[in-house]
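**Q** Pasting run30.cif here (mmCIF, C-alpha atoms):
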```cif
data_target
#
loop_
_atom_site.label_atom_id
_atom_site.label_comp_id
_atom_site.auth_asym_id
_atom_site.auth_seq_id
_atom_site.Cartn_x
_atom_site.Cartn_y
_atom_site.Cartn_z
CA MET A 1 52.79 101.05 135.38
CA ALA A 2 51.42 101.91 138.86
CA ARG A 3 54.99 102.38 140.00
CA LYS A 4 55.48 105.03 137.30
CA ALA A 5 52.41 107.02 138.33
CA GLY A 6 54.25 108.63 141.27
CA SER A 7 56.88 111.34 141.30
CA HIS A 8 58.65 109.69 138.39
CA ALA A 9 55.80 110.42 136.00
CA GLU A 10 55.37 113.91 137.40
CA ILE A 11 58.94 114.75 136.51
CA THR A 12 59.20 112.85 133.24
CA GLY A 13 55.75 113.76 131.87
CA PRO A 14 56.52 117.48 131.42
CA LYS A 15 59.97 116.60 130.05
CA VAL A 16 58.39 114.39 127.40
CA ARG A 17 56.05 117.21 126.42
CA GLU A 18 58.80 119.81 126.32
CA ALA A 19 60.99 117.55 124.18
CA ALA A 20 58.12 116.71 121.82
CA LEU A 21 57.20 120.39 121.44
CA ARG A 22 60.79 121.37 120.67
CA LEU A 23 61.34 118.51 118.20
CA PHE A 24 57.99 118.93 116.44
CA ALA A 25 58.66 122.66 116.02
CA GLN A 26 62.16 122.04 114.69
CA TYR A 27 61.60 119.12 112.30
CA GLY A 28 57.84 118.88 111.87
CA PHE A 29 55.54 116.31 113.50
CA ALA A 30 55.73 113.72 110.72
CA ALA A 31 59.54 113.66 110.75
CA VAL A 32 59.93 113.04 114.50
CA SER A 33 59.82 109.52 115.94
CA MET A 34 58.87 108.42 119.45
CA ARG A 35 62.39 106.98 119.66
CA GLN A 36 63.84 110.45 118.99
CA ILE A 37 61.66 111.99 121.70
CA ALA A 38 62.74 109.26 124.15
CA ARG A 39 66.42 109.88 123.32
CA GLU A 40 65.95 113.60 123.92
CA VAL A 41 64.39 112.94 127.34
CA GLY A 42 66.89 110.22 128.20
CA VAL A 43 64.49 107.30 128.62
CA GLN A 44 63.81 104.08 126.71
CA ALA A 45 61.32 104.44 123.84
CA GLY A 46 58.98 101.97 125.56
CA ALA A 47 58.87 104.15 128.68
CA LEU A 48 57.18 106.97 126.74
CA TYR A 49 54.03 104.92 126.47
CA THR A 50 53.42 105.22 130.20
CA TYR A 51 52.97 108.97 129.60
CA THR A 52 51.10 109.00 126.31
CA THR A 53 49.18 106.64 124.04
CA ASP A 54 51.09 107.56 120.90
CA LYS A 55 52.62 110.43 118.94
CA GLN A 56 49.19 111.65 117.76
CA ALA A 57 47.96 111.87 121.37
CA LEU A 58 51.12 113.78 122.27
CA LEU A 59 50.55 116.31 119.46
CA PHE A 60 46.89 116.67 120.38
CA ASP A 61 47.74 117.23 124.08
CA LEU A 62 50.31 119.88 123.21
CA MET A 63 47.91 121.75 120.94
CA HIS A 64 45.00 121.32 123.35
CA ASP A 65 46.97 122.69 126.31
CA HIS A 66 48.28 125.55 124.20
CA MET A 67 44.77 126.59 123.25
CA GLY A 68 43.54 126.10 126.83
CA ASP A 69 46.29 128.43 128.00
CA VAL A 70 45.50 131.02 125.31
CA LEU A 71 41.77 130.92 126.17
CA ALA A 72 42.38 131.19 129.92
CA GLY A 73 44.45 134.28 129.15
CA ILE A 74 41.81 136.03 127.08
CA ALA A 75 39.09 135.10 129.58
CA ALA A 76 41.02 137.23 132.10
CA MET A 77 40.65 140.35 129.92
CA PRO A 78 39.79 143.32 132.18
CA ASP A 79 36.60 145.29 131.63
CA GLY A 80 36.85 148.47 129.63
CA SER A 81 35.67 150.30 126.54
CA PRO A 82 35.89 148.42 123.20
CA GLY A 83 39.06 150.39 122.40
CA GLU A 84 40.65 149.54 125.76
CA ARG A 85 39.76 145.89 125.38
CA LEU A 86 41.07 145.74 121.82
CA GLU A 87 44.35 147.33 122.93
CA TRP A 88 44.57 144.76 125.71
CA ILE A 89 44.06 141.96 123.15
CA VAL A 90 46.80 143.34 120.88
CA ARG A 91 49.27 143.42 123.77
CA TYR A 92 48.20 140.07 125.20
CA HIS A 93 48.40 138.32 121.83
CA ILE A 94 51.85 139.68 120.96
CA GLY A 95 53.20 139.04 124.47
CA TYR A 96 51.82 135.53 124.69
CA ASN A 97 53.08 134.55 121.24
CA LEU A 98 56.58 135.87 121.83
CA THR A 99 56.91 133.75 124.97
CA HIS A 100 55.40 130.60 123.38
CA LYS A 101 56.97 130.54 119.93
CA ASP A 102 57.16 126.75 119.51
CA GLY A 103 53.58 126.29 120.69
CA VAL A 104 52.31 128.95 118.31
CA PHE A 105 54.29 127.49 115.43
CA ILE A 106 53.05 123.90 115.81
CA ASN A 107 49.49 125.06 116.46
CA TYR A 108 49.54 126.81 113.11
CA MET A 109 51.54 124.26 111.18
CA GLU A 110 50.44 120.88 112.48
CA LEU A 111 46.67 121.21 112.32
CA ARG A 112 46.91 119.24 109.06
CA ASN A 113 48.56 116.33 110.93
CA LEU A 114 45.78 115.93 113.49
CA GLU A 115 43.32 113.10 113.01
CA PRO A 116 39.86 114.40 112.02
CA GLU A 117 38.28 114.14 115.49
CA ASN A 118 41.24 115.86 117.13
CA ARG A 119 41.30 118.53 114.47
CA LYS A 120 37.65 119.28 115.13
CA VAL A 121 38.38 119.85 118.83
CA ILE A 122 41.36 122.16 118.22
CA SER A 123 39.55 124.07 115.46
CA ALA A 124 36.63 124.65 117.86
CA LEU A 125 39.00 126.04 120.52
CA ARG A 126 40.65 128.28 117.96
CA ARG A 127 37.21 129.45 116.90
CA ARG A 128 36.44 130.34 120.53
CA TYR A 129 39.49 132.59 120.59
CA GLU A 130 38.44 134.24 117.35
CA ASP A 131 34.93 134.69 118.77
CA ALA A 132 36.32 136.41 121.87
CA VAL A 133 38.21 138.88 119.66
CA GLU A 134 35.22 139.40 117.38
CA ALA A 135 32.92 140.08 120.35
CA VAL A 136 35.01 143.17 121.13
CA LEU A 137 34.84 144.36 117.52
CA VAL A 138 31.08 143.81 117.40
CA ASP A 139 30.64 145.68 120.68
CA GLY A 140 32.67 148.61 119.33
CA GLN A 141 30.68 148.51 116.11
CA GLU A 142 27.36 148.58 117.99
CA LYS A 143 28.53 151.45 120.19
CA GLY A 144 29.54 153.37 117.06
CA VAL A 145 33.23 153.65 118.01
CA PHE A 146 34.42 151.18 115.36
CA GLN A 147 33.48 151.23 111.67
CA ILE A 148 34.25 147.79 110.30
CA PRO A 149 32.88 146.53 106.97
CA ASP A 150 33.05 142.87 108.14
CA THR A 151 33.81 142.03 111.76
CA ARG A 152 34.73 138.40 110.98
CA LEU A 153 37.33 139.39 108.38
CA ALA A 154 38.62 142.13 110.63
CA THR A 155 39.06 139.51 113.37
CA MET A 156 41.04 137.25 111.05
CA ALA A 157 43.07 140.19 109.77
CA VAL A 158 43.96 141.41 113.25
CA ILE A 159 44.94 137.92 114.44
CA ALA A 160 47.08 137.27 111.33
CA MET A 161 48.77 140.66 111.67
CA LEU A 162 49.64 139.97 115.30
CA ASN A 163 50.79 136.40 114.56
CA GLY A 164 53.22 137.86 112.05
CA VAL A 165 55.28 139.46 114.83
CA ASN A 166 56.78 136.06 115.69
CA THR A 167 58.30 135.75 112.21
CA TRP A 168 60.55 138.81 112.54
CA TYR A 169 60.80 139.96 116.18
CA ARG A 170 64.15 139.31 117.87
CA GLU A 171 64.78 140.16 121.52
CA GLY A 172 67.39 142.87 121.84
CA GLY A 173 66.65 144.04 118.28
CA ARG A 174 65.85 147.54 117.08
CA LEU A 175 62.55 147.78 118.97
CA SER A 176 61.46 146.86 122.48
CA GLN A 177 58.40 144.64 122.87
CA ASP A 178 56.46 147.54 124.36
CA ARG A 179 57.26 149.72 121.34
CA VAL A 180 56.17 146.95 118.97
CA GLU A 181 52.92 146.55 120.90
CA ARG A 182 52.27 150.29 120.71
CA ILE A 183 52.94 150.45 116.97
CA TYR A 184 50.69 147.46 116.27
CA TRP A 185 47.96 148.89 118.47
CA ASN A 186 48.24 152.13 116.54
CA MET A 187 47.71 150.28 113.23
CA VAL A 188 44.90 148.08 114.55
CA ARG A 189 43.15 151.06 116.14
CA ARG A 190 43.14 152.94 112.85
CA ALA A 191 42.12 149.88 110.82
CA VAL A 192 38.90 149.47 112.83
CA LYS A 193 38.00 153.15 113.00
CA GLY A 194 36.33 155.38 110.43
CA ALA A 195 38.36 156.67 107.49
CA MET B 1 71.96 110.77 81.13
CA ALA B 2 72.21 112.62 77.80
CA ARG B 3 69.34 110.47 76.58
CA LYS B 4 67.17 111.79 79.42
CA ALA B 5 67.83 115.43 78.62
CA GLY B 6 65.33 115.43 75.75
CA SER B 7 61.56 115.50 75.83
CA HIS B 8 61.53 112.94 78.62
CA ALA B 9 63.14 115.36 81.08
CA GLU B 10 60.94 118.19 79.88
CA ILE B 11 57.84 116.25 80.75
CA THR B 12 59.08 114.54 83.92
CA GLY B 13 60.90 117.54 85.43
CA PRO B 14 57.78 119.61 86.06
CA LYS B 15 55.97 116.49 87.29
CA VAL B 16 58.71 115.88 89.85
CA ARG B 17 58.43 119.45 91.07
CA GLU B 18 54.64 119.36 91.25
CA ALA B 19 54.72 116.10 93.19
CA ALA B 20 57.42 117.38 95.56
CA LEU B 21 55.50 120.61 96.19
CA ARG B 22 52.29 118.73 96.93
CA LEU B 23 53.95 116.17 99.20
CA PHE B 24 56.08 118.73 101.08
CA ALA B 25 53.00 120.86 101.68
CA GLN B 26 50.98 117.90 102.88
CA TYR B 27 53.47 116.06 105.12
CA GLY B 28 56.35 118.50 105.63
CA PHE B 29 59.75 118.39 103.91
CA ALA B 30 61.49 116.25 106.53
CA ALA B 31 58.84 113.54 106.39
CA VAL B 32 58.88 113.05 102.60
CA SER B 33 61.41 110.71 100.95
CA MET B 34 62.76 110.82 97.40
CA ARG B 35 61.26 107.34 97.03
CA GLN B 36 57.83 108.74 97.88
CA ILE B 37 58.20 111.53 95.31
CA ALA B 38 59.30 108.98 92.68
CA ARG B 39 56.29 106.77 93.45
CA GLU B 40 53.97 109.79 93.10
CA VAL B 41 55.47 110.62 89.68
CA GLY B 42 55.55 106.98 88.60
CA VAL B 43 59.31 106.63 88.04
CA GLN B 44 62.10 104.69 89.79
CA ALA B 45 63.69 106.53 92.73
CA GLY B 46 67.05 106.55 90.93
CA ALA B 47 65.52 108.34 87.94
CA LEU B 48 64.79 111.41 90.09
CA TYR B 49 68.49 112.16 90.31
CA THR B 50 68.60 113.00 86.62
CA TYR B 51 66.32 115.94 87.45
CA THR B 52 67.70 117.10 90.79
CA THR B 53 70.79 116.65 92.96
CA ASP B 54 68.87 115.76 96.10
CA LYS B 55 65.82 116.61 98.20
CA GLN B 56 67.42 119.80 99.53
CA ALA B 57 68.05 121.05 95.97
CA LEU B 58 64.44 120.25 95.12
CA LEU B 59 63.14 122.26 98.08
CA PHE B 60 65.46 125.15 97.27
CA ASP B 61 64.39 125.18 93.61
CA LEU B 62 60.73 125.20 94.57
CA MET B 63 61.18 128.08 97.00
CA HIS B 64 63.48 129.96 94.64
CA ASP B 65 61.04 129.73 91.74
CA HIS B 66 58.15 130.71 93.99
CA MET B 67 59.94 133.86 95.08
CA GLY B 68 61.07 134.61 91.51
CA ASP B 69 57.45 134.39 90.42
CA VAL B 70 56.27 136.63 93.27
CA LEU B 71 58.96 139.22 92.51
CA ALA B 72 58.24 139.21 88.77
CA GLY B 73 54.64 139.92 89.69
CA ILE B 74 55.30 142.89 91.93
CA ALA B 75 57.85 144.29 89.43
CA ALA B 76 54.92 144.60 87.02
CA MET B 77 53.06 146.95 89.39
CA PRO B 78 51.52 149.80 87.36
CA ASP B 79 52.42 153.39 88.13
CA GLY B 80 50.06 155.37 90.29
CA SER B 81 49.69 157.29 93.53
CA PRO B 82 50.92 155.58 96.72
CA GLY B 83 47.33 154.72 97.57
CA GLU B 84 46.69 153.21 94.14
CA ARG B 85 49.90 151.19 94.30
CA LEU B 86 49.16 149.96 97.81
CA GLU B 87 45.70 148.86 96.72
CA TRP B 88 47.27 147.06 93.77
CA ILE B 89 49.66 145.26 96.16
CA VAL B 90 46.80 144.17 98.45
CA ARG B 91 44.91 142.68 95.51
CA TYR B 92 47.99 141.16 93.90
CA HIS B 93 49.17 139.55 97.14
CA ILE B 94 45.78 138.04 97.99
CA GLY B 95 45.18 136.86 94.42
CA TYR B 96 48.63 135.34 94.02
CA ASN B 97 48.51 133.55 97.36
CA LEU B 98 45.07 132.07 96.76
CA THR B 99 46.25 130.52 93.49
CA HIS B 100 49.58 129.25 94.92
CA LYS B 101 48.57 127.88 98.32
CA ASP B 102 51.11 125.04 98.50
CA GLY B 103 53.97 127.30 97.41
CA VAL B 104 53.05 129.94 99.98
CA PHE B 105 52.74 127.33 102.70
CA ILE B 106 56.12 125.66 102.11
CA ASN B 107 57.84 129.04 101.64
CA TYR B 108 56.66 130.05 105.08
CA MET B 109 57.08 126.71 106.81
CA GLU B 110 60.20 125.15 105.33
CA LEU B 111 62.66 128.03 105.60
CA ARG B 112 63.98 126.25 108.73
CA ASN B 113 64.78 123.15 106.66
CA LEU B 114 66.95 124.98 104.13
CA GLU B 115 70.71 124.67 104.48
CA PRO B 116 72.28 127.98 105.65
CA GLU B 117 73.51 129.09 102.20
CA ASN B 118 70.16 128.34 100.61
CA ARG B 119 68.29 130.03 103.42
CA LYS B 120 70.35 133.16 102.89
CA VAL B 121 69.33 133.29 99.23
CA ILE B 122 65.62 132.80 99.92
CA SER B 123 65.63 135.26 102.81
CA ALA B 124 67.23 137.87 100.54
CA LEU B 125 64.50 137.36 97.93
CA ARG B 126 61.83 137.63 100.58
CA ARG B 127 63.47 140.80 101.79
CA ARG B 128 63.30 142.21 98.25
CA TYR B 129 59.56 141.67 98.24
CA GLU B 130 59.23 143.39 101.62
CA ASP B 131 61.37 146.25 100.31
CA ALA B 132 59.09 146.69 97.29
CA VAL B 133 56.07 146.96 99.59
CA GLU B 134 57.88 149.28 102.00
CA ALA B 135 58.97 151.58 99.13
CA VAL B 136 55.29 152.36 98.48
CA LEU B 137 54.67 153.08 102.18
CA VAL B 138 57.74 155.33 102.36
CA ASP B 139 56.66 157.17 99.21
CA GLY B 140 53.19 157.76 100.68
CA GLN B 141 54.75 158.86 103.95
CA GLU B 142 57.01 161.36 102.18
CA LYS B 143 54.12 162.72 100.14
CA GLY B 144 52.14 163.17 103.35
CA VAL B 145 49.29 160.86 102.32
CA PHE B 146 50.24 158.09 104.78
CA GLN B 147 50.96 158.54 108.49
CA ILE B 148 52.87 155.49 109.62
CA PRO B 149 54.82 155.32 112.89
CA ASP B 150 57.25 152.70 111.50
CA THR B 151 57.19 151.79 107.80
CA ARG B 152 59.10 148.51 108.32
CA LEU B 153 56.65 147.25 110.92
CA ALA B 154 53.74 148.43 108.80
CA THR B 155 55.19 146.43 105.89
CA MET B 156 55.43 143.28 108.01
CA ALA B 157 51.96 143.87 109.44
CA VAL B 158 50.37 144.32 106.00
CA ILE B 159 52.10 141.23 104.57
CA ALA B 160 51.12 139.08 107.57
CA MET B 161 47.54 140.31 107.42
CA LEU B 162 47.30 139.44 103.72
CA ASN B 163 49.00 136.06 104.19
CA GLY B 164 46.33 135.23 106.73
CA VAL B 165 43.65 135.09 104.01
CA ASN B 166 44.95 131.68 102.90
CA THR B 167 44.18 130.16 106.30
CA TRP B 168 40.44 130.76 106.12
CA TYR B 169 39.35 131.61 102.54
CA ARG B 170 37.38 128.92 100.74
CA GLU B 171 36.26 129.31 97.14
CA GLY B 172 32.50 129.43 96.92
CA GLY B 173 32.27 130.54 100.55
CA ARG B 174 30.40 133.52 101.98
CA LEU B 175 32.54 136.13 100.21
CA SER B 176 33.88 136.47 96.67
CA GLN B 177 37.59 137.07 96.24
CA ASP B 178 36.90 140.58 94.99
CA ARG B 179 34.86 141.39 98.10
CA VAL B 180 37.64 140.03 100.34
CA GLU B 181 40.20 142.14 98.47
CA ARG B 182 38.06 145.24 98.90
CA ILE B 183 37.54 144.65 102.63
CA TYR B 184 41.27 144.07 103.19
CA TRP B 185 42.15 147.13 101.17
CA ASN B 186 39.70 149.12 103.29
CA MET B 187 41.47 147.97 106.50
CA VAL B 188 44.99 148.47 105.12
CA ARG B 189 44.10 151.91 103.77
CA ARG B 190 42.87 153.05 107.17
CA ALA B 191 45.79 151.46 109.02
CA VAL B 192 48.32 153.55 107.08
CA LYS B 193 46.38 156.80 107.15
CA GLY B 194 46.07 159.39 109.91
CA ALA B 195 43.78 158.68 112.87
#
```
Step by step, read the file and then write its structure as structure tokens.
**A**
Amino acid sequence: MARKAGSHAEITGPKVREAALRLFAQYGFAAVSMRQIAREVGVQAGALYTYTTDKQALLFDLMHDHMGDVLAGIAAMPDGSPGERLEWIVRYHIGYNLTHKDGVFINYMELRNLEPENRKVISALRRRYEDAVEAVLVDGQEKGVFQIPDTRLATMAVIAMLNGVNTWYREGGRLSQDRVERIYWNMVRRAVKGA
Amino acid sequence: MARKAGSHAEITGPKVREAALRLFAQYGFAAVSMRQIAREVGVQAGALYTYTTDKQALLFDLMHDHMGDVLAGIAAMPDGSPGERLEWIVRYHIGYNLTHKDGVFINYMELRNLEPENRKVISALRRRYEDAVEAVLVDGQEKGVFQIPDTRLATMAVIAMLNGVNTWYREGGRLSQDRVERIYWNMVRRAVKGA
């Protein structure tokens, strides 16, 4: 095992994760075997266990890193008015999701396949993202620039609306990403403002 | 086989479908075997094939019936102004989804596991639902009561926003279903109206 901890593991580790992410997204976690992941990477099934404890640990790591990445992104939100920050969130969320489709998909779909302790951790990270979005809505509400009947529901509504983009957006389609971001921002902006 | 076509099939058929829906939603289509569905229903695996050709046909039937049900619902939309019809859609969509959680979940998640011909059929039905929603937005736009930069994107945004309710709503939670419907209608109404 010590032998594997060098450059070998550094190269193969990410490959294992990439293969697992791709296969989980395509077939679903429960349908993919460690053997299948090993075949995809081009190593023996036994070799995988030098990189991960088991398939559950692999899923948890993928979801955990995805959420870590998402949270690092929103933590870098520039200062600005509530409106400016909400527009930034709309663009960040759409842009991030469109470049991490498999990660987004398994993070939504495979929560049910996490063991309870793991699920608690991922749900808490997800909640932190929701809280970061809600903080902007609450700030806008307190400053009187937003009129929102329920900031928690508005948070969930905005996130769901933005997540939806991944289900229909195709690169090179009718609309550029920037145009999509502007149209969504337009709708979100009006949804949180007074009638 | 003729013997099975009587009351036996009438009782077991729906049970097979209910079991398949529940198991697909819980573990994912690819991870569930016909044997597992048979065990859940309490029949021999071979007996399932008197009710369905194979697992793919079972998935297709479930998704097809779900969409048929959804479309029958929206076809019953009462007449009214664009605003009244859009409010009706918001309430119908949330109410339907909350009472058909497994069906909604597999219809979103398992499209990728349908064979190409089947996927085409389901996608076309889904498109018909989107078209019915968009027709209301277009009507409101033409009558000057809605101001929407892109009615197709607004349709997708509204549907995604409403679908999101299923991910967090719990019966007996902080908010009644009626209150949730009203808050979502409030946000949708403002999103489609002028700034």
**Q** Output the residue selection produced by the PyMOL selection byres ((chain B) within 8 of (chain A)) on the file above, formatted as a ChimeraX atom specification.
**A** /B:26-28,30-31,109,112-113,149-150,153-154,156-165,183-184,186-195
**Q** Take CA of Phe60 (chain B) and CA of Ala76 (chain B) and report the distance between them in Å, one decimal.
**A** 24.4 Å
**Q** Residues within 12 Å of (64.3, 109.1, 127.9), file coordinates, counting only C-alpha atoms: what are they? Give the list as an MDAnalysis selection string.
**A** chainID A and resid 8:9 11:17 19:20 34:51
**Q** Take the residues from that selection and write them out as a CSV table (one decimal), in the coordinates of the input, keeping C-alpha atoms.
**A**
```
chain,number,residue,atom,x,y,z
A,8,HIS,CA,58.6,109.7,138.4
A,9,ALA,CA,55.8,110.4,136.0
A,11,ILE,CA,58.9,114.8,136.5
A,12,THR,CA,59.2,112.8,133.2
A,13,GLY,CA,55.8,113.8,131.9
A,14,PRO,CA,56.5,117.5,131.4
A,15,LYS,CA,60.0,116.6,130.0
A,16,VAL,CA,58.4,114.4,127.4
A,17,ARG,CA,56.0,117.2,126.4
A,19,ALA,CA,61.0,117.6,124.2
A,20,ALA,CA,58.1,116.7,121.8
A,34,MET,CA,58.9,108.4,119.4
A,35,ARG,CA,62.4,107.0,119.7
A,36,GLN,CA,63.8,110.4,119.0
A,37,ILE,CA,61.7,112.0,121.7
A,38,ALA,CA,62.7,109.3,124.2
A,39,ARG,CA,66.4,109.9,123.3
A,40,GLU,CA,66.0,113.6,123.9
A,41,VAL,CA,64.4,112.9,127.3
A,42,GLY,CA,66.9,110.2,128.2
A,43,VAL,CA,64.5,107.3,128.6
A,44,GLN,CA,63.8,104.1,126.7
A,45,ALA,CA,61.3,104.4,123.8
A,46,GLY,CA,59.0,102.0,125.6
A,47,ALA,CA,58.9,104.2,128.7
A,48,LEU,CA,57.2,107.0,126.7
A,49,TYR,CA,54.0,104.9,126.5
A,50,THR,CA,53.4,105.2,130.2
A,51,TYR,CA,53.0,109.0,129.6
```
**Q** Residues picked by the PyMOL selection byres ((chain A and resi 90) around 8) here, as an MDAnalysis selection string?
**A** chainID A and resid 86:89 91:94 162 181 184:185
**Q** As a check of understanding, name the residues that the PyMOL selection byres ((chain A and resi 71) around 9) selects in the supplied structure, as a PDB file with C-alpha atoms, in the frame of the given file.
**A**
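Written file, selection-v2.pdb:
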```pdb
ATOM      1  CA  HIS A  66      48.280 125.550 124.200  1.00  0.00           C
ATOM      2  CA  MET A  67      44.770 126.590 123.250  1.00  0.00           C
ATOM      3  CA  GLY A  68      43.540 126.100 126.830  1.00  0.00           C
ATOM      4  CA  ASP A  69      46.290 128.430 128.000  1.00  0.00           C
ATOM      5  CA  VAL A  70      45.500 131.020 125.310  1.00  0.00           C
ATOM      6  CA  ALA A  72      42.380 131.190 129.920  1.00  0.00           C
ATOM      7  CA  GLY A  73      44.450 134.280 129.150  1.00  0.00           C
ATOM      8  CA  ILE A  74      41.810 136.030 127.080  1.00  0.00           C
ATOM      9  CA  ALA A  75      39.090 135.100 129.580  1.00  0.00           C
ATOM     10  CA  ALA A  76      41.020 137.230 132.100  1.00  0.00           C
ATOM     11  CA  LEU A 125      39.000 126.040 120.520  1.00  0.00           C
ATOM     12  CA  ARG A 126      40.650 128.280 117.960  1.00  0.00           C
ATOM     13  CA  ARG A 128      36.440 130.340 120.530  1.00  0.00           C
ATOM     14  CA  TYR A 129      39.490 132.590 120.590  1.00  0.00           C
ATOM     15  CA  ALA A 132      36.320 136.410 121.870  1.00  0.00           C
TER      16      ALA A 132
END
```
**Q** Distance CA of Asp65 (chain B)-CA of Leu23 (chain B), one decimal place?
**A**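 CA of Leu23 (chain B) lies at a distance of 17.0 Å from CA of Asp65 (chain B).
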**Q** Using all atoms listed in the file for the distances, tell me which of A:Asp178, A:Asn166, A:Ser81, A:Phe24 is nearest to Gly144 (chain A).
**A** A:Ser81
**Q** Report the distance between CA of Ala135 (chain B) and CA of Pro82 (chain B) in Å, rounded to one decimal place.
**A**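 Answer for the CA of Ala135 (chain B) to CA of Pro82 (chain B) separation: 9.3 Å.
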